[in-house]
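Scroll down for the structure; my scribbles are underneath it.
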Amino acid sequence: MIVSPAGRTPGAPTGFSVSGTWVTDAPPPSDDLPPGAPGGPQLVVRTVAVDDLPDTPTALVDRLPDTNALAWVRHGDGLVGWGEALRFETFGPGRFADADDAWRRVLDRAVVHDDVRLPGSGLVAFGSFAFDDVTPGDESEDPARASGVLIVPRVVVGRKGGRAWTTTISLVGDRSAPVGEELLSAYPHQPVTDPGKVVLADGAVGAADWPAVVAEGVARIQTGELEKVVLARDVVATAEHPVDTRHLLGRLASAYDACWAFSVDGMVGATPELLVRSEKGLVASRVLAGTISREHGPGSPAVPADADLLHAAKLARSSKDLEEHEFAVRSVAAALEPFCSSMNVPEAPFVLHLPNVMHLATDVTGVLTDQSPASGLRPSSLSLAAALHPSAAVCGTPTTAARSLIREIEGLDRARYAGPVGWVGADGDGEWGIALRSAEISPTDQHHIRLFAGCGIVAASDPQAELAESEAKLEPMRYALGATS
C-alpha cells in the first residue's frame, strides 16, 4: 500500500509517497489526542452547518473550484470535495481490505469536531476500485498501477435532507497547506471549460467486431459452462480542449438526477446502480439487470407516455431480462446475508425509468448484525462493498467462471469501470455505487477519455441487440461530453 500526503493546494509542493511507513514531523503532545494512539498520519476535522447552498440539482457541483473534483451527488444531495489531505493507494486482490484497514487506522488518530452529525458530515474519504484483480491476459499483478484509491479531501461540502455543511480537514505536521477556515479561500474558483469538439473512435474492440465477442459468450453459456456473463466495450473520445470534470458532472447531475453522479480520481459518471448503502445499522442495495432502450434522451423531443408504458411492459414481460435480473438479485442477497440479522428481497422487480433506458430494478434491504462474522467488528460500508463485488450484474454467474471468461474473450482492460465507487465516513457508514455509465479521463492527457458500457449476456441474448443496448448505455457520457455517436 502507498500512503501519500496531499499535494494539490495551489502553489504547494506535490508531496511524496512512501510504502508502508509515514514520515512527518511529530506534533507536540496534545490533550486533544486519543491517549496511546498509534503512529501514523493524524487529521484534524471540523464540520459546521451552512445555509447558503441553493436548492438546485447542481448546487454542490457548482462549488467545486477546479477540475480535480471529488463528487457523489443525487437529486442535489450528497458530497463534493477538493484538495487532498491523504491518499491511500492499494493493489491487487487485497485492495479493499488494505484500504479498509488504512481507513480504520486513520480514524484511530483523527480529532473530529462535527456540529452537524449527519451521514457524510465529519471525516469522509472518497474511493474508487478496479473491477478485476489483474490485468487481462496477465495473471501477475502490475505493481506500478494502483487497483484502488481512497482520497481524504481537504474541503468537503455536503447536503442531506435540506441541511448543508462544510468540512475542513487538516493534516497535522503538513506545513505546505493552510488549516481550518483558511482552506476555504486557498482554492480560487476557476472557470468551468467546455471540451469543445469531441471525436469518438472505436476502443479496444470495435463496434463491428463486438457482436462476435457476444456470440462467443452466448455459445459458452449454451454449452453449460456458465449461466450469465457481462461483457463490456469501450469507446475513445478525443476532445478539442482538456476535459473539465465539473462540466461533465454538471450535465450529468442535471439530466440524470435520479442517478448518482460521481467523480473520483479520473473516473466520472452517473451510475443508476447502488452497490450498497450502510446507514445507522441498515443496509440497502439497488440491483439493476435487464434493459430496454428508450426512444429519446436528454434534450430530445418527448415521446408519448403510451410509448414509454409499452416499453416498460415489454421489459417487465421479457423472459430473457427477467432471467438476467434474477441472477443479479440472487448474488446480492447471498453476499449480504452473512452480515444481516434480517433481510427483505422483493419477489418481483420494478421498472426504473431513466432518460436513455429502462431497467428492471430491485431494492434489497437488511438490518446489519452488530458484528461481521470475519472480523468481529461492525462491517464498514467499504467492507460490505468488497463482499458484494463483483455481483452478477457486472460479472456473471457463477462468478469464477464468468470472470475467467471475461478475461479470456472481452479484450478490454476495464480498469475501474464496473468497480465500486463512492465514499465512507468516520463511523464506517457510506454509499458505494458501481461505476457504470462512466468514463475514465486519461491521467496523462486530459484531452482523452474512455467511455464504457456493458451488457448482461444469457443463453437467449442476441448479439446485435446487445450492441444496440451498449450504444444506449454510452449515451449519458456522450451527452455529458456534448458528443454525437
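Residues are named by chain letter and number: chains run A, B, ... in the order of the C-alpha cells, numbers start at 1 in each chain, and ligands are numbered from 1 in the order shown.
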
Segment 79-162 of chain A near segment 176-194 of chain A within 12 Å: what's each residue's closest atom pair and its distance in Å to one decimal, counting only C-alpha atoms, ordered by chain then ascending residue number, as JSON lines?
{"residue": "A:Gly81", "atom": "CA", "partner": "A:Leu184", "partner_atom": "CA", "distance": 11.2}
{"residue": "A:Trp82", "atom": "CA", "partner": "A:Tyr187", "partner_atom": "CA", "distance": 8.6}
{"residue": "A:Gly83", "atom": "CA", "partner": "A:Tyr187", "partner_atom": "CA", "distance": 8.3}
{"residue": "A:Glu84", "atom": "CA", "partner": "A:Ala177", "partner_atom": "CA", "distance": 10.0}
{"residue": "A:Ala85", "atom": "CA", "partner": "A:Ala177", "partner_atom": "CA", "distance": 9.0}
{"residue": "A:His113", "atom": "CA", "partner": "A:Gly180", "partner_atom": "CA", "distance": 11.6}
{"residue": "A:Pro153", "atom": "CA", "partner": "A:Leu183", "partner_atom": "CA", "distance": 10.9}
{"residue": "A:Arg154", "atom": "CA", "partner": "A:Leu183", "partner_atom": "CA", "distance": 7.3}
{"residue": "A:Val155", "atom": "CA", "partner": "A:Leu183", "partner_atom": "CA", "distance": 7.1}
{"residue": "A:Val156", "atom": "CA", "partner": "A:Leu184", "partner_atom": "CA", "distance": 9.7}
{"residue": "A:Val157", "atom": "CA", "partner": "A:Leu184", "partner_atom": "CA", "distance": 10.5}

key: DSSP-assigned strand (DSSP E or B) members of segment 24-235 of chain A, reported as JSON, numbers by chain   = {"A": [43, 44, 45, 46, 47, 48, 49, 50, 70, 71, 72, 73, 74, 77, 78, 79, 80, 81, 82, 86, 87, 88, 89, 90, 111, 112, 113, 114, 124, 125, 126, 127, 128, 129, 135, 138, 148, 149, 150, 151, 152, 155, 156, 157, 158, 159, 160, 163, 164, 165, 166, 167, 168, 169, 170, 171, 198, 199, 200, 201, 202, 228, 229, 230, 231, 232, 233, 234, 235]}

Closest pair table for segment 252-309 of chain A residues within 9 Å of segment 408-424 of chain A, only C-alpha atoms, as a Markdown table:
| residue | atom | partner | partner_atom | distance |
| --- | --- | --- | --- | --- |
| A:Phe262 | CA | A:Gly422 | CA | 7.4 |
| A:Ser263 | CA | A:Val421 | CA | 8.6 |
| A:Val264 | CA | A:Val421 | CA | 7.5 |
| A:Met267 | CA | A:Arg416 | CA | 7.3 |
| A:Leu275 | CA | A:Pro420 | CA | 7.3 |

key: Å distance separating atom CA of Ile449 of chain A from atom CA of Ala255 of chain A, one decimal place   = 20.3 Å

task = Write down as a PyMOL selection string the residues of segment 160-214 of chain A whose backbone DSSP state falls under helix (DSSP H, G or I).
result = chain A and resi 180-185+210-214

How would the residues just picked look written out with C-alpha atoms as an mmCIF file, in the first residue's frame?
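Wrote result30.cif, looks like this:
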data_model
loop_
_atom_site.group_PDB
_atom_site.id
_atom_site.type_symbol
_atom_site.label_atom_id
_atom_site.label_comp_id
_atom_site.auth_asym_id
_atom_site.auth_seq_id
_atom_site.Cartn_x
_atom_site.Cartn_y
_atom_site.Cartn_z
ATOM 1 C CA GLY A 180 -9.068 25.438 9.250
ATOM 2 C CA GLU A 181 -11.126 28.155 7.619
ATOM 3 C CA GLU A 182 -8.097 29.332 5.592
ATOM 4 C CA LEU A 183 -8.591 26.197 3.456
ATOM 5 C CA LEU A 184 -11.838 27.619 2.120
ATOM 6 C CA SER A 185 -10.030 30.515 0.440
ATOM 7 C CA TRP A 210 -18.054 -6.725 -30.627
ATOM 8 C CA PRO A 211 -21.118 -8.822 -31.624
ATOM 9 C CA ALA A 212 -18.734 -11.710 -32.316
ATOM 10 C CA VAL A 213 -17.495 -11.437 -28.716
ATOM 11 C CA VAL A 214 -21.094 -11.566 -27.514
#

inquiry  = Which residues are near Asp462 of chain A? Cut-off 9 Å, only C-alpha atoms, ignore same chain within fewer than 4 positions. Put them as a PyMOL selection string.
reply    = chain A and resi 211+214-215+218+457+466-467

request  = Identify which of the residues A:Gly40, A:Thr56, A:Ala480, A:Gly396 lies closest to Leu226 of chain A, counting only C-alpha atoms when measuring atom-to-atom distances.
outcome  =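 Of A:Gly40, A:Thr56, A:Ala480, A:Gly396, the one nearest Leu226 of chain A is A:Gly396, counting only C-alpha atoms.
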
query = Any idea what the distance is between atom CA of Val357 of chain A and atom CA of Cys259 of chain A?
reply =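 For atom CA of Val357 of chain A relative to atom CA of Cys259 of chain A, the distance reads 12.2 Å.
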
query = Between atom CA of Leu354 of chain A and atom CA of Asp257 of chain A, what is the distance, to one decimal in Å?
reply =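 According to the coordinates, atom CA of Leu354 of chain A and atom CA of Asp257 of chain A are separated by 9.3 Å.
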
request  = Find, counting only C-alpha atoms, the residue in A:Val124, A:Ala253, A:Ala328, A:Val276 that gets nearest to Gly76 of chain A.
outcome  = A:Ala253

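Nearest residue to Val205 of chain A among A:Val112, A:Val235, A:Gly224, A:His448 is A:Val235, counting only C-alpha atoms.
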
ask   = Between A:Leu309, A:Ser278, A:His389, A:Ala59, which one has atoms that come closest to Ser331 of chain A, using only C-alpha atoms?
value =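 For Ser331 of chain A, the nearest of the candidates is A:His389.
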
Give me, as a PDB file with all heavy atoms, in the first residue's frame, all polymer residues having an atom no more than 10 Å from segment 470-472 of chain A, counting only C-alpha atoms and skipping those fewer than 2 positions away in the same chain.
ATOM      1  N   ALA A 207     -16.893  -1.593 -32.718  1.00  0.00           N
ATOM      2  CA  ALA A 207     -18.325  -1.883 -32.685  1.00  0.00           C
ATOM      3  C   ALA A 207     -18.697  -2.984 -33.670  1.00  0.00           C
ATOM      4  O   ALA A 207     -19.585  -3.804 -33.402  1.00  0.00           O
ATOM      5  CB  ALA A 207     -19.112  -0.610 -32.978  1.00  0.00           C
ATOM      6  N   LEU A 231     -20.437  -8.638 -20.548  1.00  0.00           N
ATOM      7  CA  LEU A 231     -19.350  -8.257 -21.457  1.00  0.00           C
ATOM      8  C   LEU A 231     -19.425  -6.754 -21.726  1.00  0.00           C
ATOM      9  O   LEU A 231     -20.503  -6.202 -21.930  1.00  0.00           O
ATOM     10  CB  LEU A 231     -19.451  -9.037 -22.764  1.00  0.00           C
ATOM     11  CG  LEU A 231     -19.260 -10.554 -22.621  1.00  0.00           C
ATOM     12  CD1 LEU A 231     -19.548 -11.264 -23.937  1.00  0.00           C
ATOM     13  CD2 LEU A 231     -17.843 -10.869 -22.134  1.00  0.00           C
ATOM     14  N   ALA A 232     -18.255  -6.113 -21.720  1.00  0.00           N
ATOM     15  CA  ALA A 232     -18.183  -4.660 -21.855  1.00  0.00           C
ATOM     16  C   ALA A 232     -17.368  -4.273 -23.085  1.00  0.00           C
ATOM     17  O   ALA A 232     -16.594  -5.069 -23.627  1.00  0.00           O
ATOM     18  CB  ALA A 232     -17.560  -4.038 -20.607  1.00  0.00           C
ATOM     19  N   ARG A 233     -17.565  -3.042 -23.498  1.00  0.00           N
ATOM     20  CA  ARG A 233     -16.768  -2.455 -24.590  1.00  0.00           C
ATOM     21  C   ARG A 233     -16.473  -1.008 -24.233  1.00  0.00           C
ATOM     22  O   ARG A 233     -17.108  -0.425 -23.348  1.00  0.00           O
ATOM     23  CB  ARG A 233     -17.496  -2.539 -25.930  1.00  0.00           C
ATOM     24  CG  ARG A 233     -18.882  -1.921 -25.925  1.00  0.00           C
ATOM     25  CD  ARG A 233     -19.588  -2.113 -27.257  1.00  0.00           C
ATOM     26  NE  ARG A 233     -19.074  -1.179 -28.255  1.00  0.00           N
ATOM     27  CZ  ARG A 233     -19.777  -0.176 -28.771  1.00  0.00           C
ATOM     28  NH1 ARG A 233     -21.031   0.050 -28.372  1.00  0.00           N
ATOM     29  NH2 ARG A 233     -19.260   0.618 -29.685  1.00  0.00           N
ATOM     30  N   ASP A 234     -15.485  -0.433 -24.930  1.00  0.00           N
ATOM     31  CA  ASP A 234     -15.157   0.971 -24.686  1.00  0.00           C
ATOM     32  C   ASP A 234     -15.110   1.742 -25.991  1.00  0.00           C
ATOM     33  O   ASP A 234     -14.956   1.178 -27.081  1.00  0.00           O
ATOM     34  CB  ASP A 234     -13.841   1.117 -23.913  1.00  0.00           C
ATOM     35  CG  ASP A 234     -12.630   0.628 -24.695  1.00  0.00           C
ATOM     36  OD1 ASP A 234     -12.814  -0.125 -25.675  1.00  0.00           O
ATOM     37  OD2 ASP A 234     -11.490   0.986 -24.323  1.00  0.00           O
ATOM     38  N   VAL A 235     -15.291   3.042 -25.860  1.00  0.00           N
ATOM     39  CA  VAL A 235     -15.192   3.993 -26.959  1.00  0.00           C
ATOM     40  C   VAL A 235     -14.232   5.082 -26.512  1.00  0.00           C
ATOM     41  O   VAL A 235     -14.292   5.535 -25.357  1.00  0.00           O
ATOM     42  CB  VAL A 235     -16.569   4.589 -27.313  1.00  0.00           C
ATOM     43  CG1 VAL A 235     -16.431   5.747 -28.288  1.00  0.00           C
ATOM     44  CG2 VAL A 235     -17.481   3.511 -27.876  1.00  0.00           C
ATOM     45  N   THR A 291     -32.564  -4.589 -19.478  1.00  0.00           N
ATOM     46  CA  THR A 291     -32.572  -3.220 -20.004  1.00  0.00           C
ATOM     47  C   THR A 291     -33.343  -3.153 -21.311  1.00  0.00           C
ATOM     48  O   THR A 291     -33.305  -4.092 -22.121  1.00  0.00           O
ATOM     49  CB  THR A 291     -31.131  -2.744 -20.262  1.00  0.00           C
ATOM     50  OG1 THR A 291     -30.369  -2.878 -19.058  1.00  0.00           O
ATOM     51  CG2 THR A 291     -31.095  -1.298 -20.717  1.00  0.00           C
ATOM     52  N   ILE A 292     -34.020  -2.042 -21.512  1.00  0.00           N
ATOM     53  CA  ILE A 292     -34.608  -1.732 -22.807  1.00  0.00           C
ATOM     54  C   ILE A 292     -34.342  -0.261 -23.108  1.00  0.00           C
ATOM     55  O   ILE A 292     -34.399   0.590 -22.206  1.00  0.00           O
ATOM     56  CB  ILE A 292     -36.122  -2.043 -22.835  1.00  0.00           C
ATOM     57  CG1 ILE A 292     -36.658  -1.969 -24.261  1.00  0.00           C
ATOM     58  CG2 ILE A 292     -36.907  -1.127 -21.912  1.00  0.00           C
ATOM     59  CD1 ILE A 292     -38.078  -2.520 -24.398  1.00  0.00           C
ATOM     60  N   SER A 293     -34.017   0.058 -24.344  1.00  0.00           N
ATOM     61  CA  SER A 293     -33.720   1.438 -24.730  1.00  0.00           C
ATOM     62  C   SER A 293     -35.001   2.243 -24.823  1.00  0.00           C
ATOM     63  O   SER A 293     -36.069   1.721 -25.167  1.00  0.00           O
ATOM     64  CB  SER A 293     -32.996   1.472 -26.081  1.00  0.00           C
ATOM     65  OG  SER A 293     -31.780   0.762 -26.018  1.00  0.00           O
ATOM     66  N   ARG A 294     -34.879   3.536 -24.515  1.00  0.00           N
ATOM     67  CA  ARG A 294     -35.988   4.464 -24.733  1.00  0.00           C
ATOM     68  C   ARG A 294     -35.777   5.155 -26.064  1.00  0.00           C
ATOM     69  O   ARG A 294     -34.688   5.152 -26.630  1.00  0.00           O
ATOM     70  CB  ARG A 294     -36.067   5.476 -23.596  1.00  0.00           C
ATOM     71  CG  ARG A 294     -36.318   4.833 -22.241  1.00  0.00           C
ATOM     72  CD  ARG A 294     -36.473   5.854 -21.133  1.00  0.00           C
ATOM     73  NE  ARG A 294     -37.773   6.530 -21.198  1.00  0.00           N
ATOM     74  CZ  ARG A 294     -38.197   7.385 -20.278  1.00  0.00           C
ATOM     75  NH1 ARG A 294     -37.428   7.684 -19.237  1.00  0.00           N
ATOM     76  NH2 ARG A 294     -39.379   7.952 -20.385  1.00  0.00           N
ATOM     77  N   GLU A 295     -36.826   5.779 -26.572  1.00  0.00           N
ATOM     78  CA  GLU A 295     -36.769   6.390 -27.897  1.00  0.00           C
ATOM     79  C   GLU A 295     -36.284   7.826 -27.861  1.00  0.00           C
ATOM     80  O   GLU A 295     -36.322   8.522 -28.873  1.00  0.00           O
ATOM     81  CB  GLU A 295     -38.151   6.313 -28.556  1.00  0.00           C
ATOM     82  CG  GLU A 295     -38.607   4.872 -28.808  1.00  0.00           C
ATOM     83  CD  GLU A 295     -39.981   4.812 -29.436  1.00  0.00           C
ATOM     84  OE1 GLU A 295     -40.588   5.899 -29.624  1.00  0.00           O
ATOM     85  OE2 GLU A 295     -40.464   3.700 -29.727  1.00  0.00           O
ATOM     86  N   HIS A 296     -35.849   8.275 -26.697  1.00  0.00           N
ATOM     87  CA  HIS A 296     -35.372   9.654 -26.593  1.00  0.00           C
ATOM     88  C   HIS A 296     -34.381   9.727 -25.445  1.00  0.00           C
ATOM     89  O   HIS A 296     -34.294   8.829 -24.612  1.00  0.00           O
ATOM     90  CB  HIS A 296     -36.523  10.626 -26.352  1.00  0.00           C
ATOM     91  CG  HIS A 296     -37.236  10.379 -25.052  1.00  0.00           C
ATOM     92  ND1 HIS A 296     -36.948  11.076 -23.896  1.00  0.00           N
ATOM     93  CD2 HIS A 296     -38.210   9.497 -24.724  1.00  0.00           C
ATOM     94  CE1 HIS A 296     -37.723  10.637 -22.913  1.00  0.00           C
ATOM     95  NE2 HIS A 296     -38.493   9.683 -23.380  1.00  0.00           N
ATOM     96  N   GLY A 297     -33.618  10.783 -25.432  1.00  0.00           N
ATOM     97  CA  GLY A 297     -32.676  11.028 -24.353  1.00  0.00           C
ATOM     98  C   GLY A 297     -32.737  12.480 -23.943  1.00  0.00           C
ATOM     99  O   GLY A 297     -33.607  13.233 -24.401  1.00  0.00           O
ATOM    100  N   ASN A 356     -32.327   7.615 -20.830  1.00  0.00           N
ATOM    101  CA  ASN A 356     -31.869   6.889 -22.017  1.00  0.00           C
ATOM    102  C   ASN A 356     -32.361   5.453 -22.101  1.00  0.00           C
ATOM    103  O   ASN A 356     -32.481   4.889 -23.182  1.00  0.00           O
ATOM    104  CB  ASN A 356     -30.344   6.894 -22.080  1.00  0.00           C
ATOM    105  CG  ASN A 356     -29.696   6.268 -20.855  1.00  0.00           C
ATOM    106  OD1 ASN A 356     -30.151   6.492 -19.722  1.00  0.00           O
ATOM    107  ND2 ASN A 356     -28.655   5.489 -21.061  1.00  0.00           N
ATOM    108  N   VAL A 357     -32.631   4.820 -20.947  1.00  0.00           N
ATOM    109  CA  VAL A 357     -33.022   3.417 -20.910  1.00  0.00           C
ATOM    110  C   VAL A 357     -34.018   3.188 -19.780  1.00  0.00           C
ATOM    111  O   VAL A 357     -34.240   4.060 -18.934  1.00  0.00           O
ATOM    112  CB  VAL A 357     -31.801   2.471 -20.685  1.00  0.00           C
ATOM    113  CG1 VAL A 357     -30.824   2.520 -21.855  1.00  0.00           C
ATOM    114  CG2 VAL A 357     -31.105   2.820 -19.372  1.00  0.00           C
ATOM    115  N   ARG A 437     -22.159   3.695 -16.563  1.00  0.00           N
ATOM    116  CA  ARG A 437     -22.439   4.946 -17.304  1.00  0.00           C
ATOM    117  C   ARG A 437     -21.300   5.928 -17.049  1.00  0.00           C
ATOM    118  O   ARG A 437     -21.520   7.093 -16.683  1.00  0.00           O
ATOM    119  CB  ARG A 437     -23.776   5.565 -16.888  1.00  0.00           C
ATOM    120  CG  ARG A 437     -24.927   4.612 -16.803  1.00  0.00           C
ATOM    121  CD  ARG A 437     -25.295   3.917 -18.105  1.00  0.00           C
ATOM    122  NE  ARG A 437     -26.551   3.202 -17.913  1.00  0.00           N
ATOM    123  CZ  ARG A 437     -26.635   1.925 -17.516  1.00  0.00           C
ATOM    124  NH1 ARG A 437     -25.517   1.237 -17.300  1.00  0.00           N
ATOM    125  NH2 ARG A 437     -27.797   1.330 -17.370  1.00  0.00           N
ATOM    126  N   PHE A 452     -17.326   3.701 -21.299  1.00  0.00           N
ATOM    127  CA  PHE A 452     -17.570   2.273 -21.140  1.00  0.00           C
ATOM    128  C   PHE A 452     -19.059   1.955 -21.156  1.00  0.00           C
ATOM    129  O   PHE A 452     -19.888   2.753 -20.729  1.00  0.00           O
ATOM    130  CB  PHE A 452     -17.005   1.772 -19.797  1.00  0.00           C
ATOM    131  CG  PHE A 452     -15.521   1.955 -19.628  1.00  0.00           C
ATOM    132  CD1 PHE A 452     -15.017   3.092 -19.013  1.00  0.00           C
ATOM    133  CD2 PHE A 452     -14.636   0.988 -20.058  1.00  0.00           C
ATOM    134  CE1 PHE A 452     -13.660   3.263 -18.830  1.00  0.00           C
ATOM    135  CE2 PHE A 452     -13.270   1.142 -19.878  1.00  0.00           C
ATOM    136  CZ  PHE A 452     -12.783   2.281 -19.274  1.00  0.00           C
ATOM    137  N   ALA A 453     -19.369   0.737 -21.604  1.00  0.00           N
ATOM    138  CA  ALA A 453     -20.726   0.199 -21.497  1.00  0.00           C
ATOM    139  C   ALA A 453     -20.631  -1.315 -21.484  1.00  0.00           C
ATOM    140  O   ALA A 453     -19.749  -1.902 -22.115  1.00  0.00           O
ATOM    141  CB  ALA A 453     -21.603   0.657 -22.658  1.00  0.00           C
ATOM    142  N   GLY A 454     -21.547  -1.954 -20.766  1.00  0.00           N
ATOM    143  CA  GLY A 454     -21.550  -3.411 -20.687  1.00  0.00           C
ATOM    144  C   GLY A 454     -22.969  -3.949 -20.731  1.00  0.00           C
ATOM    145  O   GLY A 454     -23.932  -3.241 -20.416  1.00  0.00           O
ATOM    146  N   CYS A 455     -23.105  -5.223 -21.096  1.00  0.00           N
ATOM    147  CA  CYS A 455     -24.411  -5.858 -21.213  1.00  0.00           C
ATOM    148  C   CYS A 455     -24.366  -7.256 -20.605  1.00  0.00           C
ATOM    149  O   CYS A 455     -23.366  -7.978 -20.754  1.00  0.00           O
ATOM    150  CB  CYS A 455     -24.829  -5.968 -22.684  1.00  0.00           C
ATOM    151  SG  CYS A 455     -24.999  -4.383 -23.521  1.00  0.00           S
ATOM    152  N   GLN A 464     -26.616  -8.542 -31.912  1.00  0.00           N
ATOM    153  CA  GLN A 464     -26.895  -7.213 -32.456  1.00  0.00           C
ATOM    154  C   GLN A 464     -27.750  -6.392 -31.496  1.00  0.00           C
ATOM    155  O   GLN A 464     -27.566  -5.184 -31.361  1.00  0.00           O
ATOM    156  CB  GLN A 464     -27.586  -7.340 -33.818  1.00  0.00           C
ATOM    157  CG  GLN A 464     -26.678  -7.861 -34.919  1.00  0.00           C
ATOM    158  CD  GLN A 464     -25.486  -6.931 -35.191  1.00  0.00           C
ATOM    159  OE1 GLN A 464     -25.579  -5.707 -35.040  1.00  0.00           O
ATOM    160  NE2 GLN A 464     -24.366  -7.519 -35.582  1.00  0.00           N
ATOM    161  N   ALA A 465     -28.679  -7.053 -30.807  1.00  0.00           N
ATOM    162  CA  ALA A 465     -29.491  -6.338 -29.817  1.00  0.00           C
ATOM    163  C   ALA A 465     -28.635  -5.877 -28.646  1.00  0.00           C
ATOM    164  O   ALA A 465     -28.841  -4.778 -28.101  1.00  0.00           O
ATOM    165  CB  ALA A 465     -30.626  -7.237 -29.327  1.00  0.00           C
ATOM    166  N   GLU A 466     -27.645  -6.684 -28.270  1.00  0.00           N
ATOM    167  CA  GLU A 466     -26.748  -6.287 -27.182  1.00  0.00           C
ATOM    168  C   GLU A 466     -25.877  -5.105 -27.604  1.00  0.00           C
ATOM    169  O   GLU A 466     -25.592  -4.216 -26.794  1.00  0.00           O
ATOM    170  CB  GLU A 466     -25.875  -7.468 -26.745  1.00  0.00           C
ATOM    171  CG  GLU A 466     -26.640  -8.672 -26.235  1.00  0.00           C
ATOM    172  CD  GLU A 466     -27.472  -8.383 -24.995  1.00  0.00           C
ATOM    173  OE1 GLU A 466     -27.207  -7.391 -24.294  1.00  0.00           O
ATOM    174  OE2 GLU A 466     -28.426  -9.159 -24.730  1.00  0.00           O
ATOM    175  N   LEU A 467     -25.461  -5.069 -28.863  1.00  0.00           N
ATOM    176  CA  LEU A 467     -24.703  -3.913 -29.357  1.00  0.00           C
ATOM    177  C   LEU A 467     -25.547  -2.648 -29.278  1.00  0.00           C
ATOM    178  O   LEU A 467     -25.064  -1.592 -28.838  1.00  0.00           O
ATOM    179  CB  LEU A 467     -24.250  -4.160 -30.801  1.00  0.00           C
ATOM    180  CG  LEU A 467     -23.505  -2.992 -31.462  1.00  0.00           C
ATOM    181  CD1 LEU A 467     -22.194  -2.688 -30.742  1.00  0.00           C
ATOM    182  CD2 LEU A 467     -23.250  -3.287 -32.940  1.00  0.00           C
ATOM    183  N   ALA A 468     -26.807  -2.746 -29.683  1.00  0.00           N
ATOM    184  CA  ALA A 468     -27.696  -1.577 -29.603  1.00  0.00           C
ATOM    185  C   ALA A 468     -27.883  -1.143 -28.153  1.00  0.00           C
ATOM    186  O   ALA A 468     -27.915   0.063 -27.853  1.00  0.00           O
ATOM    187  CB  ALA A 468     -29.042  -1.909 -30.239  1.00  0.00           C
ATOM    188  N   LEU A 474     -24.027   4.048 -23.547  1.00  0.00           N
ATOM    189  CA  LEU A 474     -22.969   5.046 -23.750  1.00  0.00           C
ATOM    190  C   LEU A 474     -23.525   6.465 -23.796  1.00  0.00           C
ATOM    191  O   LEU A 474     -22.778   7.440 -23.680  1.00  0.00           O
ATOM    192  CB  LEU A 474     -22.215   4.759 -25.052  1.00  0.00           C
ATOM    193  CG  LEU A 474     -21.284   3.546 -25.054  1.00  0.00           C
ATOM    194  CD1 LEU A 474     -20.867   3.201 -26.480  1.00  0.00           C
ATOM    195  CD2 LEU A 474     -20.053   3.796 -24.197  1.00  0.00           C
ATOM    196  N   GLU A 475     -24.843   6.595 -23.961  1.00  0.00           N
ATOM    197  CA  GLU A 475     -25.458   7.898 -24.183  1.00  0.00           C
ATOM    198  C   GLU A 475     -25.203   8.903 -23.061  1.00  0.00           C
ATOM    199  O   GLU A 475     -24.938  10.086 -23.338  1.00  0.00           O
ATOM    200  CB  GLU A 475     -26.951   7.732 -24.429  1.00  0.00           C
ATOM    201  CG  GLU A 475     -27.722   9.038 -24.576  1.00  0.00           C
ATOM    202  CD  GLU A 475     -27.202   9.939 -25.678  1.00  0.00           C
ATOM    203  OE1 GLU A 475     -26.608   9.410 -26.647  1.00  0.00           O
ATOM    204  OE2 GLU A 475     -27.354  11.164 -25.560  1.00  0.00           O
ATOM    205  N   PRO A 476     -25.273   8.518 -21.755  1.00  0.00           N
ATOM    206  CA  PRO A 476     -25.047   9.540 -20.723  1.00  0.00           C
ATOM    207  C   PRO A 476     -23.692  10.241 -20.839  1.00  0.00           C
ATOM    208  O   PRO A 476     -23.623  11.474 -20.709  1.00  0.00           O
ATOM    209  CB  PRO A 476     -25.153   8.739 -19.415  1.00  0.00           C
ATOM    210  CG  PRO A 476     -26.066   7.613 -19.754  1.00  0.00           C
ATOM    211  CD  PRO A 476     -25.729   7.248 -21.162  1.00  0.00           C
ATOM    212  N   ARG A 478     -21.749  10.360 -23.583  1.00  0.00           N
ATOM    213  CA  ARG A 478     -21.726  11.128 -24.836  1.00  0.00           C
ATOM    214  C   ARG A 478     -22.438  12.458 -24.635  1.00  0.00           C
ATOM    215  O   ARG A 478     -21.981  13.512 -25.111  1.00  0.00           O
ATOM    216  CB  ARG A 478     -22.397  10.331 -25.965  1.00  0.00           C
ATOM    217  CG  ARG A 478     -21.550   9.224 -26.545  1.00  0.00           C
ATOM    218  CD  ARG A 478     -22.088   8.770 -27.890  1.00  0.00           C
ATOM    219  NE  ARG A 478     -23.427   8.242 -27.785  1.00  0.00           N
ATOM    220  CZ  ARG A 478     -23.757   6.957 -27.956  1.00  0.00           C
ATOM    221  NH1 ARG A 478     -22.824   6.064 -28.220  1.00  0.00           N
ATOM    222  NH2 ARG A 478     -25.020   6.567 -27.854  1.00  0.00           N
ATOM    223  N   SER A 485     -22.917  10.342 -31.611  1.00  0.00           N
ATOM    224  CA  SER A 485     -22.463   8.985 -31.919  1.00  0.00           C
ATOM    225  C   SER A 485     -22.111   8.833 -33.380  1.00  0.00           C
ATOM    226  O   SER A 485     -22.449   9.653 -34.213  1.00  0.00           O
ATOM    227  CB  SER A 485     -23.551   7.988 -31.551  1.00  0.00           C
ATOM    228  OG  SER A 485     -24.746   8.330 -32.180  1.00  0.00           O
TER     229      SER A 485
END

message = Given only C-alpha atoms as the basis, pick out the residue of A:Gly290, A:Pro242, A:Pro119, A:Gly482 nearest to Arg277 of chain A.
response = A:Pro119

task = List the neighbours of Asp265 of chain A out to 8 Å using only C-alpha atoms; skip same-chain residues closer than 2 positions along the sequence, and give me the result as an MDAnalysis selection string.
result = chainID A and resid 68:70 128 149 263 267

Can you spit out the residues from that selection as a short mmCIF file (atom, residue, chain, number, x, y, z; two decimals), in the first residue's frame, using N, CA and C atoms?
data_model
loop_
_atom_site.label_atom_id
_atom_site.label_comp_id
_atom_site.auth_asym_id
_atom_site.auth_seq_id
_atom_site.Cartn_x
_atom_site.Cartn_y
_atom_site.Cartn_z
N ASN A 68 -10.07 19.04 -10.49
CA ASN A 68 -9.67 17.93 -9.62
C ASN A 68 -10.79 17.67 -8.61
N ALA A 69 -11.91 17.16 -9.12
CA ALA A 69 -13.14 17.12 -8.34
C ALA A 69 -13.38 15.74 -7.74
N LEU A 70 -13.91 15.76 -6.53
CA LEU A 70 -14.46 14.58 -5.89
C LEU A 70 -15.94 14.81 -5.71
N SER A 128 -12.38 4.71 -5.18
CA SER A 128 -12.65 4.07 -6.46
C SER A 128 -11.75 2.86 -6.57
N VAL A 149 -8.09 3.30 -4.70
CA VAL A 149 -7.64 4.55 -4.10
C VAL A 149 -8.71 5.04 -3.13
N SER A 263 -17.39 11.45 -9.21
CA SER A 263 -16.06 11.74 -9.76
C SER A 263 -15.03 11.41 -8.68
N MET A 267 -12.21 8.87 -12.63
CA MET A 267 -13.43 8.15 -13.01
C MET A 267 -14.62 9.06 -12.78
#
